[in-house]
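Colleague: Structure file data17.cif (mmCIF, C-alpha atoms and all ligand atoms) right here:
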```cif
data_query
loop_
_atom_site.label_atom_id
_atom_site.label_comp_id
_atom_site.auth_asym_id
_atom_site.auth_seq_id
_atom_site.Cartn_x
_atom_site.Cartn_y
_atom_site.Cartn_z
CA MET A 725 -79.99 125.17 110.17
CA HIS A 726 -77.04 127.07 108.80
CA ASP A 727 -73.56 128.11 109.78
CA ILE A 728 -72.92 131.81 109.39
CA LEU A 729 -69.46 131.86 107.85
CA PRO A 730 -66.88 134.66 108.17
CA GLN A 731 -67.60 135.89 104.63
CA ASP A 732 -71.25 136.45 105.59
CA GLN A 733 -70.49 138.32 108.80
CA PRO A 734 -70.26 141.80 107.20
CA TRP A 735 -73.98 141.55 106.34
CA TRP A 736 -74.84 140.48 109.88
CA ASP A 737 -72.69 143.27 111.32
CA LYS A 738 -74.47 145.79 109.11
CA VAL A 739 -77.91 144.58 110.26
CA ARG A 740 -76.84 144.68 113.93
CA LYS A 741 -75.34 148.17 113.58
CA GLU A 742 -78.45 149.54 111.89
CA THR A 743 -80.62 147.89 114.56
CA ARG A 744 -78.66 149.61 117.34
CA GLU A 745 -79.19 153.01 115.73
CA VAL A 746 -82.90 152.47 115.25
CA VAL A 747 -83.61 151.12 118.75
CA ASP A 748 -81.58 153.91 120.35
CA PHE A 749 -83.47 156.57 118.45
CA TYR A 750 -86.93 155.10 118.97
CA ASN A 751 -86.12 154.28 122.58
CA TYR A 752 -86.67 150.51 122.67
CA LEU A 753 -85.11 148.65 125.62
CA ARG A 754 -83.38 145.35 124.93
CA ILE A 755 -84.66 142.11 126.40
CA ASP A 756 -83.14 138.64 126.04
CA THR A 757 -85.11 135.53 126.88
CA PRO A 758 -83.97 131.89 126.97
CA ILE A 759 -84.15 129.70 123.88
CA LEU A 760 -86.06 127.03 125.80
CA GLU A 761 -89.55 127.74 127.13
CA PRO A 762 -92.17 125.58 128.88
CA VAL A 763 -94.21 123.40 126.53
CA ASN A 764 -97.55 125.05 127.19
CA LEU A 765 -96.45 128.67 126.61
CA PHE A 766 -96.66 128.55 122.83
CA GLU A 767 -99.67 126.25 122.74
CA ARG A 768 -101.60 128.77 124.81
CA SER A 769 -100.25 131.89 123.12
CA LEU A 770 -100.08 131.01 119.44
CA GLY A 771 -103.10 128.69 119.47
CA ALA A 772 -103.31 124.89 119.40
CA GLY A 773 -104.62 124.85 115.81
CA THR A 774 -101.82 126.96 114.32
CA GLU A 775 -99.28 125.48 111.95
CA ILE A 776 -96.39 126.30 114.28
CA VAL A 777 -97.92 124.49 117.25
CA GLU A 778 -99.30 121.59 115.24
CA LYS A 779 -96.27 120.82 113.11
CA GLN A 780 -93.29 123.05 113.67
CA MET A 781 -92.17 123.00 117.28
CA PHE A 782 -88.90 121.39 118.32
CA VAL A 783 -89.67 119.61 121.59
CA LEU A 784 -86.88 118.56 123.96
CA LYS A 785 -86.98 116.44 127.10
CA ASP A 786 -84.52 116.91 129.94
CA ARG A 787 -83.17 114.12 132.19
CA SER A 788 -86.13 114.28 134.51
CA GLY A 789 -88.53 113.88 131.59
CA ASP A 790 -89.75 117.50 131.59
CA GLY A 791 -90.47 118.85 128.14
CA PHE A 792 -89.29 122.15 126.66
CA ILE A 793 -89.86 123.96 123.38
CA MET A 794 -87.11 125.63 121.40
CA ARG A 795 -88.81 128.99 120.92
CA PRO A 796 -90.42 129.34 117.47
CA GLU A 797 -90.90 133.11 117.92
CA GLY A 798 -90.21 135.83 120.50
CA THR A 799 -93.52 137.52 121.30
CA ALA A 800 -94.87 134.85 123.66
CA SER A 801 -91.51 134.75 125.47
CA VAL A 802 -91.48 138.53 125.89
CA ALA A 803 -95.05 138.44 127.23
CA ARG A 804 -94.04 135.69 129.68
CA ALA A 805 -91.02 137.69 130.89
CA TYR A 806 -93.14 140.87 131.17
CA LEU A 807 -95.54 139.07 133.49
CA GLN A 808 -92.96 137.07 135.40
CA HIS A 809 -90.87 140.13 136.30
CA GLY A 810 -93.70 142.66 136.60
CA LEU A 811 -92.07 144.84 133.94
CA SER A 812 -95.01 147.24 133.75
CA HIS A 813 -93.16 149.48 136.24
CA LEU A 814 -90.50 150.20 133.58
CA GLY A 815 -92.95 152.14 131.42
CA GLN A 816 -96.56 152.47 130.30
CA PRO A 817 -96.39 151.48 127.54
CA LEU A 818 -93.09 149.65 127.57
CA LYS A 819 -91.09 149.40 124.33
CA LEU A 820 -88.95 146.27 124.14
CA TYR A 821 -86.79 144.80 121.40
CA TYR A 822 -84.93 141.51 121.07
CA GLU A 823 -82.76 139.70 118.60
CA GLY A 824 -81.84 136.05 118.43
CA PRO A 825 -82.39 132.60 116.95
CA MET A 826 -85.83 131.02 116.57
CA PHE A 827 -86.60 127.43 115.60
CA ARG A 828 -89.36 126.00 113.44
CA TYR A 829 -89.50 122.52 111.99
CA GLU A 830 -90.39 123.61 108.45
CA ARG A 831 -89.60 122.22 105.02
CA PRO A 832 -86.39 124.13 104.25
CA GLN A 833 -86.68 126.29 101.11
CA ALA A 834 -85.81 129.80 99.94
CA GLY A 835 -86.46 132.17 102.84
CA ARG A 836 -87.37 129.34 105.21
CA GLN A 837 -84.85 127.79 107.58
CA ARG A 838 -85.30 125.65 110.65
CA GLU A 839 -83.07 127.96 112.64
CA PHE A 840 -83.45 131.61 111.70
CA HIS A 841 -82.93 134.93 113.44
CA GLN A 842 -85.45 137.59 114.29
CA ILE A 843 -85.25 141.18 115.43
CA GLY A 844 -88.49 141.99 117.19
CA PHE A 845 -90.15 145.15 118.49
CA GLU A 846 -92.98 145.04 121.02
CA ILE A 847 -95.00 147.78 122.73
CA LEU A 848 -96.75 146.47 125.84
CA GLY A 849 -99.24 148.10 128.17
CA GLY A 850 -100.54 151.67 128.29
CA GLU A 851 -103.67 152.59 126.36
CA SER A 852 -104.82 150.71 123.28
CA ASP A 853 -103.85 153.65 121.09
CA ALA A 854 -103.72 153.32 117.29
CA ILE A 855 -100.54 155.40 117.22
CA HIS A 856 -98.63 152.42 118.61
CA GLU A 857 -99.06 150.57 115.32
CA THR A 858 -97.04 153.28 113.59
CA GLN A 859 -94.55 153.32 116.46
CA VAL A 860 -93.83 149.65 115.75
CA ILE A 861 -93.97 149.76 111.95
CA LEU A 862 -91.84 152.91 111.66
CA PRO A 863 -88.63 151.57 113.29
CA ILE A 864 -88.97 148.32 111.32
CA PHE A 865 -89.40 150.26 108.11
CA ARG A 866 -86.53 152.65 108.89
CA LEU A 867 -84.30 149.69 109.69
CA LEU A 868 -85.04 148.09 106.31
CA GLU A 869 -84.56 151.44 104.57
CA GLY A 870 -81.30 151.98 106.44
CA LEU A 871 -80.10 148.67 105.00
CA LYS A 872 -80.79 150.23 101.56
CA LEU A 873 -83.67 147.89 100.74
CA LYS A 874 -85.93 149.48 98.16
CA GLN A 875 -89.49 149.16 96.88
CA LEU A 876 -90.78 148.27 100.32
CA THR A 877 -94.52 147.91 100.81
CA ILE A 878 -96.45 147.45 104.00
CA ARG A 879 -99.52 145.24 103.57
CA VAL A 880 -101.96 145.99 106.30
CA ASN A 881 -105.35 144.70 107.40
CA THR A 882 -107.58 144.40 110.42
CA ILE A 883 -108.93 141.08 111.60
CA GLY A 884 -111.43 142.64 114.01
CA CYS A 885 -112.06 141.71 117.62
CA LYS A 886 -113.88 139.04 119.64
CA ASN A 887 -117.17 140.78 118.95
CA CYS A 888 -117.07 141.22 115.20
CA ARG A 889 -114.75 138.46 113.98
CA PRO A 890 -117.22 135.58 114.58
CA THR A 891 -119.72 137.25 112.21
CA TYR A 892 -117.05 137.44 109.53
CA VAL A 893 -115.94 133.86 110.10
CA GLN A 894 -119.54 132.76 109.60
CA LYS A 895 -119.73 134.64 106.30
CA LEU A 896 -116.40 133.19 105.24
CA LYS A 897 -117.48 129.63 106.05
CA ALA A 898 -120.74 130.15 104.20
CA TYR A 899 -118.76 131.27 101.13
CA TYR A 900 -116.36 128.32 101.30
CA ARG A 901 -118.98 125.67 102.10
CA SER A 902 -119.99 124.98 98.49
CA ARG A 903 -116.41 125.45 97.24
CA LEU A 904 -114.70 123.23 99.76
CA LYS A 905 -114.47 120.26 97.41
CA ASN A 906 -112.27 122.37 95.09
CA THR A 907 -109.81 123.38 97.83
CA CYS A 908 -106.67 121.59 98.99
CA LYS A 909 -106.60 119.10 101.91
CA ASP A 910 -105.08 121.68 104.26
CA CYS A 911 -107.87 124.13 103.52
CA GLN A 912 -110.45 121.47 104.27
CA ARG A 913 -108.88 121.16 107.72
CA ARG A 914 -108.61 124.94 108.09
CA TYR A 915 -112.32 125.25 107.35
CA GLN A 916 -112.91 123.08 110.39
CA PHE A 917 -110.32 124.36 112.84
CA ASN A 918 -109.00 127.78 111.75
CA PRO A 919 -111.24 129.25 109.00
CA LEU A 920 -109.43 132.64 108.79
CA ARG A 921 -106.37 130.79 107.57
CA LEU A 922 -108.29 129.74 104.45
CA LEU A 923 -107.26 133.17 103.16
CA ASP A 924 -103.59 132.37 103.68
CA CYS A 925 -103.31 129.32 101.40
CA LYS A 926 -100.58 129.43 98.77
CA GLU A 927 -102.10 126.70 96.52
CA LEU A 928 -103.12 128.09 93.13
CA GLU A 929 -106.67 126.71 93.07
CA CYS A 930 -107.30 128.01 96.61
CA GLN A 931 -105.93 131.44 95.69
CA GLU A 932 -108.48 131.64 92.86
CA ILE A 933 -111.30 130.89 95.30
CA LYS A 934 -109.97 133.45 97.77
CA LYS A 935 -110.18 136.23 95.17
CA SER A 936 -113.98 136.46 95.52
CA ALA A 937 -114.23 135.69 99.25
CA PRO A 938 -116.08 138.26 101.40
CA SER A 939 -113.89 141.07 102.76
CA ILE A 940 -113.51 141.42 106.51
CA LEU A 941 -113.67 145.18 106.13
CA ASP A 942 -117.43 144.87 105.51
CA SER A 943 -117.95 142.97 108.78
CA ILE A 944 -115.91 144.75 111.46
CA CYS A 945 -117.63 146.61 114.30
CA SER A 946 -117.57 150.40 114.59
CA THR A 947 -114.85 150.39 117.30
CA CYS A 948 -112.51 148.25 115.18
CA HIS A 949 -113.37 150.38 112.18
CA ARG A 950 -112.45 153.58 114.02
CA HIS A 951 -109.22 152.04 115.31
CA PHE A 952 -108.20 150.89 111.83
CA LYS A 953 -109.01 154.26 110.29
CA GLU A 954 -106.73 155.92 112.85
CA VAL A 955 -103.97 153.38 112.17
CA LEU A 956 -104.05 154.26 108.46
CA GLU A 957 -104.12 157.99 109.19
CA TYR A 958 -100.98 157.74 111.36
CA LEU A 959 -99.21 155.68 108.67
CA GLU A 960 -100.12 158.34 106.11
CA GLU A 961 -98.89 161.11 108.40
CA VAL A 962 -95.32 159.76 108.20
CA LYS A 963 -95.80 158.76 104.54
CA LEU A 964 -95.29 155.06 105.08
CA PRO A 965 -96.25 153.27 101.85
CA TYR A 966 -99.01 150.87 102.79
CA GLN A 967 -101.42 148.74 100.77
CA LEU A 968 -104.73 147.69 102.20
CA ASP A 969 -104.97 143.90 101.90
CA PRO A 970 -108.36 142.71 103.21
CA TYR A 971 -107.23 139.09 102.85
CA LEU A 972 -104.12 139.41 104.99
CA VAL A 973 -104.43 137.15 108.02
CA ARG A 974 -101.48 135.87 110.00
CA GLY A 975 -100.40 132.45 111.13
CA LEU A 976 -100.75 133.01 114.86
CA ASP A 977 -103.95 133.07 116.92
CA TYR A 978 -102.94 135.86 119.29
CA TYR A 979 -103.69 138.69 116.87
CA ASN A 980 -106.66 141.06 116.97
CA ARG A 981 -107.36 144.14 114.89
CA THR A 982 -104.26 145.31 113.00
CA VAL A 983 -102.01 142.85 111.18
CA PHE A 984 -99.22 143.75 108.78
CA GLU A 985 -96.42 142.32 106.66
CA ILE A 986 -93.60 144.11 104.87
CA PHE A 987 -92.43 142.97 101.43
CA SER A 988 -89.84 144.19 98.98
CA ASP A 989 -91.15 144.29 95.42
CA PHE A 990 -87.61 144.19 94.17
CA HIS A 991 -86.85 141.93 91.18
CA THR A 992 -83.42 140.28 90.88
CA PRO A 993 -81.51 140.88 87.60
CA ASP A 994 -82.86 137.55 86.28
CA GLY A 995 -86.42 138.75 86.90
CA GLN A 996 -87.14 136.79 90.09
CA LYS A 997 -89.25 138.36 92.80
CA LEU A 998 -88.44 137.71 96.43
CA ASP A 999 -91.69 136.09 97.33
CA PHE A 1000 -91.56 136.28 101.11
CA ALA A 1001 -92.31 138.75 103.86
CA LEU A 1002 -89.26 140.49 105.32
CA ALA A 1003 -91.21 141.33 108.47
CA GLY A 1004 -94.60 140.76 110.01
CA GLY A 1005 -96.59 141.57 113.09
CA GLY A 1006 -99.77 142.91 114.56
CA ARG A 1007 -101.79 143.81 117.62
CA TYR A 1008 -102.30 141.13 120.26
CA ASP A 1009 -104.40 142.61 123.09
CA TYR A 1010 -105.83 139.19 124.06
CA LEU A 1011 -102.57 137.34 124.53
CA PHE A 1012 -102.35 138.41 128.16
CA ASP A 1013 -105.97 137.44 128.66
CA VAL A 1014 -105.04 133.90 127.59
CA LEU A 1015 -101.96 133.87 129.83
CA VAL A 1016 -103.27 135.52 133.01
CA GLY A 1017 -106.94 136.23 132.45
CA LYS A 1018 -106.47 139.99 132.02
CA PRO A 1019 -106.18 141.69 128.62
CA LEU A 1020 -103.33 144.14 128.00
CA PRO A 1021 -102.93 146.38 124.95
CA ALA A 1022 -99.93 145.13 122.96
CA ILE A 1023 -98.56 145.38 119.45
CA GLY A 1024 -95.37 144.20 117.83
CA GLY A 1025 -93.54 143.22 114.71
CA THR A 1026 -90.51 141.17 113.74
CA ILE A 1027 -87.89 141.19 111.03
CA GLY A 1028 -86.46 137.93 109.65
CA VAL A 1029 -82.70 138.57 109.44
CA GLU A 1030 -81.83 135.80 106.94
CA ARG A 1031 -84.55 137.01 104.57
CA VAL A 1032 -83.35 140.60 104.88
CA ILE A 1033 -79.78 139.55 104.10
CA GLU A 1034 -80.97 137.48 101.14
CA ALA A 1035 -82.83 140.55 99.86
CA MET A 1036 -79.73 142.73 100.36
CA LYS A 1037 -77.61 140.28 98.42
CA ALA A 1038 -80.18 139.98 95.62
CA ALA A 1039 -80.22 143.77 95.34
CA ASN A 1040 -76.41 143.85 95.19
CA ILE A 1041 -76.19 146.01 98.28
CA ASN A 1042 -72.61 146.45 99.27
CA VAL A 1043 -71.38 146.16 102.83
CA LEU A 1044 -67.97 147.17 104.09
CA PRO A 1045 -65.36 144.43 104.40
CA ARG A 1046 -64.74 143.49 108.02
CA SER A 1047 -61.12 144.49 108.37
CA ARG A 1048 -60.72 148.23 108.33
CA ALA A 1049 -56.99 148.13 109.05
CA LYS A 1050 -55.01 150.54 106.89
CA VAL A 1051 -51.62 149.32 108.09
CA PHE A 1052 -49.90 145.91 107.86
CA LEU A 1053 -46.95 144.92 110.04
CA MET A 1054 -44.32 142.62 108.45
CA HIS A 1055 -41.36 141.10 110.20
CA MET A 1056 -38.08 139.43 109.25
CA GLY A 1057 -36.13 137.36 111.73
CA VAL A 1058 -36.83 135.94 115.19
CA GLN A 1059 -36.10 139.15 117.16
CA ALA A 1060 -38.37 141.27 114.94
CA LYS A 1061 -41.12 138.67 115.22
CA LYS A 1062 -40.95 138.80 119.03
CA ARG A 1063 -40.84 142.57 119.24
CA SER A 1064 -43.74 142.83 116.73
CA LEU A 1065 -46.01 141.49 119.45
CA VAL A 1066 -45.10 144.45 121.69
CA LEU A 1067 -45.37 146.93 118.84
CA LEU A 1068 -48.88 145.70 118.00
CA GLU A 1069 -49.92 146.36 121.60
CA GLU A 1070 -48.63 149.95 121.31
CA PHE A 1071 -50.86 150.43 118.25
CA ARG A 1072 -53.80 148.92 120.13
CA GLU A 1073 -53.34 151.43 122.93
CA ALA A 1074 -53.34 154.22 120.34
CA ASN A 1075 -56.55 152.75 118.86
CA ILE A 1076 -54.98 152.09 115.46
CA LEU A 1077 -55.95 148.87 113.68
CA VAL A 1078 -52.93 146.99 112.36
CA ALA A 1079 -53.17 143.76 110.37
CA GLU A 1080 -50.43 141.12 110.51
CA SER A 1081 -49.56 137.54 109.66
CA LEU A 1082 -47.03 136.81 112.39
CA GLY A 1083 -47.26 133.10 111.71
CA LYS A 1084 -45.70 133.55 108.27
CA ASP A 1085 -41.95 134.12 108.17
CA SER A 1086 -41.51 134.60 104.41
CA LEU A 1087 -41.56 138.26 103.41
CA ASN A 1088 -43.19 137.41 100.07
CA ALA A 1089 -46.02 135.59 101.80
CA GLN A 1090 -46.50 138.55 104.17
CA MET A 1091 -46.50 140.94 101.21
CA ARG A 1092 -49.28 138.89 99.60
CA SER A 1093 -51.31 139.03 102.82
CA ALA A 1094 -50.82 142.81 102.96
CA ASP A 1095 -52.05 143.11 99.36
CA LYS A 1096 -55.09 141.00 100.18
CA ALA A 1097 -55.90 143.12 103.22
CA GLY A 1098 -55.93 146.16 100.93
CA VAL A 1099 -53.89 148.34 103.32
CA ALA A 1100 -52.39 151.70 102.38
CA LEU A 1101 -49.18 151.30 104.40
CA ALA A 1102 -46.91 148.40 105.34
CA LEU A 1103 -44.41 148.46 108.21
CA ILE A 1104 -41.31 146.40 107.57
CA PHE A 1105 -39.47 145.34 110.70
CA GLY A 1106 -36.24 143.41 109.98
CA GLN A 1107 -33.09 142.40 111.83
CA LYS A 1108 -31.28 145.61 110.89
CA GLU A 1109 -34.23 147.72 112.10
CA VAL A 1110 -34.40 145.83 115.42
CA PHE A 1111 -30.70 146.51 115.90
CA GLU A 1112 -31.11 150.22 115.04
CA ASP A 1113 -34.46 150.70 116.87
CA SER A 1114 -36.12 151.78 113.64
CA ILE A 1115 -38.78 150.54 111.21
CA ILE A 1116 -39.56 151.01 107.51
CA ILE A 1117 -42.83 152.53 106.31
CA ARG A 1118 -43.76 151.41 102.82
CA ASP A 1119 -46.43 153.14 100.75
CA MET A 1120 -48.26 150.20 99.17
CA LYS A 1121 -49.42 152.22 96.18
CA THR A 1122 -46.16 153.91 95.11
CA GLY A 1123 -43.71 151.46 96.68
CA ALA A 1124 -41.83 154.43 98.29
CA GLN A 1125 -40.06 153.47 101.53
CA GLU A 1126 -38.82 155.52 104.45
CA THR A 1127 -37.05 154.55 107.69
CA VAL A 1128 -38.30 156.15 110.94
CA PRO A 1129 -37.22 155.72 114.58
CA LEU A 1130 -39.24 153.01 116.33
CA LYS A 1131 -40.36 155.26 119.19
CA LYS A 1132 -41.95 157.69 116.72
CA ILE A 1133 -43.76 155.12 114.62
CA VAL A 1134 -47.17 155.25 116.33
CA ASN A 1135 -47.36 159.04 116.00
CA GLU A 1136 -46.06 158.90 112.46
CA ILE A 1137 -48.79 156.45 111.44
CA LYS A 1138 -51.41 158.52 113.24
CA LYS A 1139 -50.46 161.46 111.03
CA ARG A 1140 -50.63 159.44 107.83
CA ILE A 1141 -53.92 157.53 108.10
P1 LIG B 1201 -93.83 135.62 111.82
O1 LIG B 1201 -94.54 136.23 110.64
O2 LIG B 1201 -94.08 134.21 112.09
O3 LIG B 1201 -94.22 136.53 113.07
O4 LIG B 1201 -92.28 135.85 111.63
C1 LIG B 1201 -91.76 137.15 111.43
C2 LIG B 1201 -90.69 137.13 110.36
O5 LIG B 1201 -89.71 136.11 110.68
C3 LIG B 1201 -91.20 136.74 108.97
O6 LIG B 1201 -91.73 137.85 108.29
C4 LIG B 1201 -89.92 136.24 108.33
O7 LIG B 1201 -89.15 137.33 107.86
C5 LIG B 1201 -89.19 135.58 109.49
N1 LIG B 1201 -89.39 134.11 109.45
C6 LIG B 1201 -90.43 133.41 109.93
N2 LIG B 1201 -90.23 132.08 109.75
C7 LIG B 1201 -89.05 131.94 109.13
C8 LIG B 1201 -88.27 130.83 108.69
N3 LIG B 1201 -88.67 129.57 108.85
N4 LIG B 1201 -87.07 131.06 108.08
C9 LIG B 1201 -86.64 132.33 107.92
N5 LIG B 1201 -87.31 133.43 108.33
C10 LIG B 1201 -88.50 133.25 108.93
C11 LIG B 1201 -93.73 136.32 114.33
O8 LIG B 1201 -92.85 135.55 114.60
C12 LIG B 1201 -94.38 137.22 115.36
N6 LIG B 1201 -93.75 136.95 116.66
C13 LIG B 1201 -94.22 138.68 114.97
C14 LIG B 1201 -94.81 139.60 115.99
C15 LIG B 1201 -94.14 140.33 116.91
N7 LIG B 1201 -96.10 139.80 116.18
C16 LIG B 1201 -96.26 140.62 117.20
N8 LIG B 1201 -95.06 140.94 117.64
#
```
Starting from the file, give its structure as structure tokens.
Ligand code: HAM
Modeller:
Amino acid sequence: MHDILPQDQPWWDKVRKETREVVDFYNYLRIDTPILEPVNLFERSLGAGTEIVEKQMFVLKDRSGDGFIMRPEGTASVARAYLQHGLSHLGQPLKLYYEGPMFRYERPQAGRQREFHQIGFEILGGESDAIHETQVILPIFRLLEGLKLKQLTIRVNTIGCKNCRPTYVQKLKAYYRSRLKNTCKDCQRRYQFNPLRLLDCKELECQEIKKSAPSILDSICSTCHRHFKEVLEYLEEVKLPYQLDPYLVRGLDYYNRTVFEIFSDFHTPDGQKLDFALAGGGRYDYLFDVLVGKPLPAIGGTIGVERVIEAMKAANINVLPRSRAKVFLMHMGVQAKKRSLVLLEEFREANILVAESLGKDSLNAQMRSADKAGVALALIFGQKEVFEDSIIIRDMKTGAQETVPLKKIVNEIKKRI
């Protein structure tokens, strides 16, 4: 878990600002859900055999002994809130987005924290229309593009439905049966409890075996096939760069049909590739079936903010410094210091940002602060000026100074910046 220090905030601000623009344009409504959820929500939604539920949930107990989970992701929480508040009346389908911290007890490493932040997009309800895949992927992609991330690729696959997936799983198990002794311990467990996840193993020897595994695309039923074909056609229509990856499966049980992940193929100057997904998601029509016994068409995707910021930094993407003040107010003497407080309020009312370091009395120290803030103009307010109701404007570049009456200063600055 990390602190987000002031020097990192410009990146976070940039991500938040870009998010606002995207959600406003694509018409997603914001939803916030609590960090703590009932224990059984994630077990039921993500699946008892998934890595998150088996190993990664932070479990808390309150004074009465009731257990809670610190949410490891947002989709199950959004589905719970949708049901609990009967949100279907807000729209069919309903587009929701959220941002906030998630918690997973993982081995910390590059791109993997125990507390991390997600920005998620979900489309719930309405018809199970393949256009919704694009309506989720597009804002995510535009958000990443808006942050100036380049060489983005969308890996996309279908994992079929209840009808056709079991046939594929059988074929997959048949393929792995004779090779199981050459796979890692985790894969031997996956074979038993979650065979699709055999395709997700990062171990080198398992990756080799995966290369010749049967492709799900040969096993899906005609309805899933038609749906997937439409998904790809819509992606092509808006020229989203996708790669078909028949071995892409995802770590959560609630998915059916379309799954996707977005990567940046960017290499850092020292040749390193960022080897993690910036975003991921998929369709999850059966989640509501698990929760309330009635399926509901739903699709969503989520961006990992820390990973995005790491990618922005690796690509040397510049963000504006936080302070945009172009003016710095300096004081000399007790009276000037006091009246500076009032003067600053006058600038606030006029919507002009003014930097200061009122806690420093030495003019040299204030000058250094003004230099650091990179302002164009400094205002020098000394004893003489207080007495004469005036103030000095100093051009920080040329050093030229000019005295103006105090009551005109706000207008004068307005003209000059
Ligand atoms: P996920 O793939 O588990 O999907 O997470 C989505 C994104 O969150 C990842 O692509 C990654 O950028 C980020 N992420 C995940 N775990 C970590 C971590 N430990 N440290 C840093 N970043 C991380 C979901 O969470 C689904 N709820 C996505 C979804 C929405 N599916 C449907 N709707």
Colleague: Find the residues around Lys872 (chain A) up to 8 Å (all atoms listed in the file counted), leave out those fewer than 4 positions away in its own chain, and share them as a list in words.
Modeller: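 Listed by chain and then number, they are Leu868, Met1036 and Ile1041 of chain A.
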Colleague: Set the cut-off to 8 Å, count all atoms listed in the file, and list whatever residues fall near ligand LIG 1201 (chain B) as JSON, numbers by chain.
Modeller: {"A": [796, 797, 798, 799, 800, 827, 828, 829, 830, 832, 835, 836, 837, 838, 839, 840, 841, 842, 844, 845, 846, 974, 975, 976, 979, 985, 986, 1000, 1001, 1002, 1003, 1004, 1005, 1006, 1007, 1008, 1023, 1024, 1025, 1026, 1027, 1028, 1029, 1030, 1031, 1032]}
Colleague: May I ask which of the residues A:Phe990, A:Phe984, A:Tyr752, A:Tyr822 is the closest one to Asn1040 (chain A), counting only C-alpha atoms?
Modeller: A:Phe990
Colleague: Please, what distance in Å, to one decimal, runs between CA of Val962 (chain A) and CA of Val983 (chain A)?
Modeller: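 Computing it gives 18.4 Å between the two atoms.
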Colleague: Considering all atoms listed in the file, can you say which of A:Ala1094, A:Ile759, A:Ala1035, A:Leu941 comes closest to Phe792 (chain A)?
Modeller: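 Ranked by minimum distance to Phe792 (chain A), first place goes to A:Ile759.
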Colleague: Quick check, in Å to one decimal: how far apart do CA of Tyr1010 (chain A) and CA of Arg913 (chain A) lie?
Modeller: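 Value for the CA of Tyr1010 (chain A)-CA of Arg913 (chain A) distance: 24.5 Å.
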Colleague: Find the spatial neighbours of region 1081-1093 of chain A, counting all atoms listed in the file, within a cut-off of 7 Å - ignore same-chain residues fewer than 3 positions away - and output them as a ChimeraX atom specification.
Modeller: /A:1054,1056,1061,1096-1097
Colleague: Go ahead and write the residues just picked, C-alpha atoms, as a short mmCIF file (atom, residue, chain, number, x, y, z; two decimals), in the coordinates of the input.
Modeller:
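Writing the result to result_33.cif gives the following:
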```
data_model
loop_
_atom_site.label_atom_id
_atom_site.label_comp_id
_atom_site.auth_asym_id
_atom_site.auth_seq_id
_atom_site.Cartn_x
_atom_site.Cartn_y
_atom_site.Cartn_z
CA MET A 1054 -44.32 142.62 108.45
CA MET A 1056 -38.08 139.43 109.25
CA LYS A 1061 -41.12 138.67 115.22
CA LYS A 1096 -55.09 141.00 100.18
CA ALA A 1097 -55.90 143.12 103.22
#
```
Colleague: Looking at A:Ala1022, A:Val973, A:Leu770, A:Ile843, which one is nearest to Thr743 (chain A), with distances taken over only C-alpha atoms?
Modeller: A:Ile843
Colleague: Please determine the residues with any atom at most 12 Å from (-120.2, 134.4, 102.2) (coordinates as given in the file, with all atoms listed in the file counting) and report them as an MDAnalysis selection string.
Modeller: chainID A and resid 891:903 933:934 936:940 942:943
Colleague: Nearest residue to His949 (chain A) out of A:Ile728, A:Ala854, A:Leu1101, A:Leu876, using only C-alpha atoms?
Modeller: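 Among A:Ile728, A:Ala854, A:Leu1101, A:Leu876, it is A:Ala854 that comes nearest to His949 (chain A).
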Colleague: Considering all atoms listed in the file, state which residue in the set A:Ile855, A:Gly1098, A:Val1058, A:Phe1052 is at the smallest distance from Val1078 (chain A).
Modeller: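 Checking each of A:Ile855, A:Gly1098, A:Val1058, A:Phe1052 against Val1078 (chain A), counting all atoms listed in the file, the winner is A:Phe1052.
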Colleague: Any idea what the distance is between CA of Glu929 (chain A) and CA of Thr907 (chain A)?
Modeller: 6.6 Å
Colleague: When you count all atoms listed in the file, which of these residues is closest to Gln967 (chain A): A:Val880, A:Leu1130, A:Leu1020, A:Ile1115?
Modeller: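 So, comparing all the options, the nearest one is A:Val880.
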Colleague: Identify the residues within 12 Å of coordinate (-102.5, 133.1, 121.4) (same frame as the file), considering only C-alpha atoms, and give the answer as a PyMOL selection string.
Modeller: chain A and resi 764-774+776-777+799-801+803+974-980+1007-1016+1019
Colleague: Can you write region 838-852 of chain A from the block above with C-alpha atoms, as a compact mmCIF listing (two decimals), in the first residue's frame?
Modeller:
```
# COMPACT_ATOMS: atom_id res chain seq x y z
CA ARG A 838 -2.12 -4.37 -2.26
CA GLU A 839 -4.05 -1.12 -2.39
CA PHE A 840 -4.56 0.18 -5.91
CA HIS A 841 -7.10 2.39 -7.65
CA GLN A 842 -9.49 1.53 -10.42
CA ILE A 843 -11.67 3.53 -12.76
CA GLY A 844 -14.46 1.26 -13.92
CA PHE A 845 -17.18 1.43 -16.57
CA GLU A 846 -20.22 -0.84 -16.49
CA ILE A 847 -23.26 -1.14 -18.76
CA LEU A 848 -26.10 -2.98 -17.03
CA GLY A 849 -29.45 -4.15 -18.32
CA GLY A 850 -31.15 -3.58 -21.67
CA GLU A 851 -30.64 -6.07 -24.47
CA SER A 852 -27.57 -8.28 -24.74
```
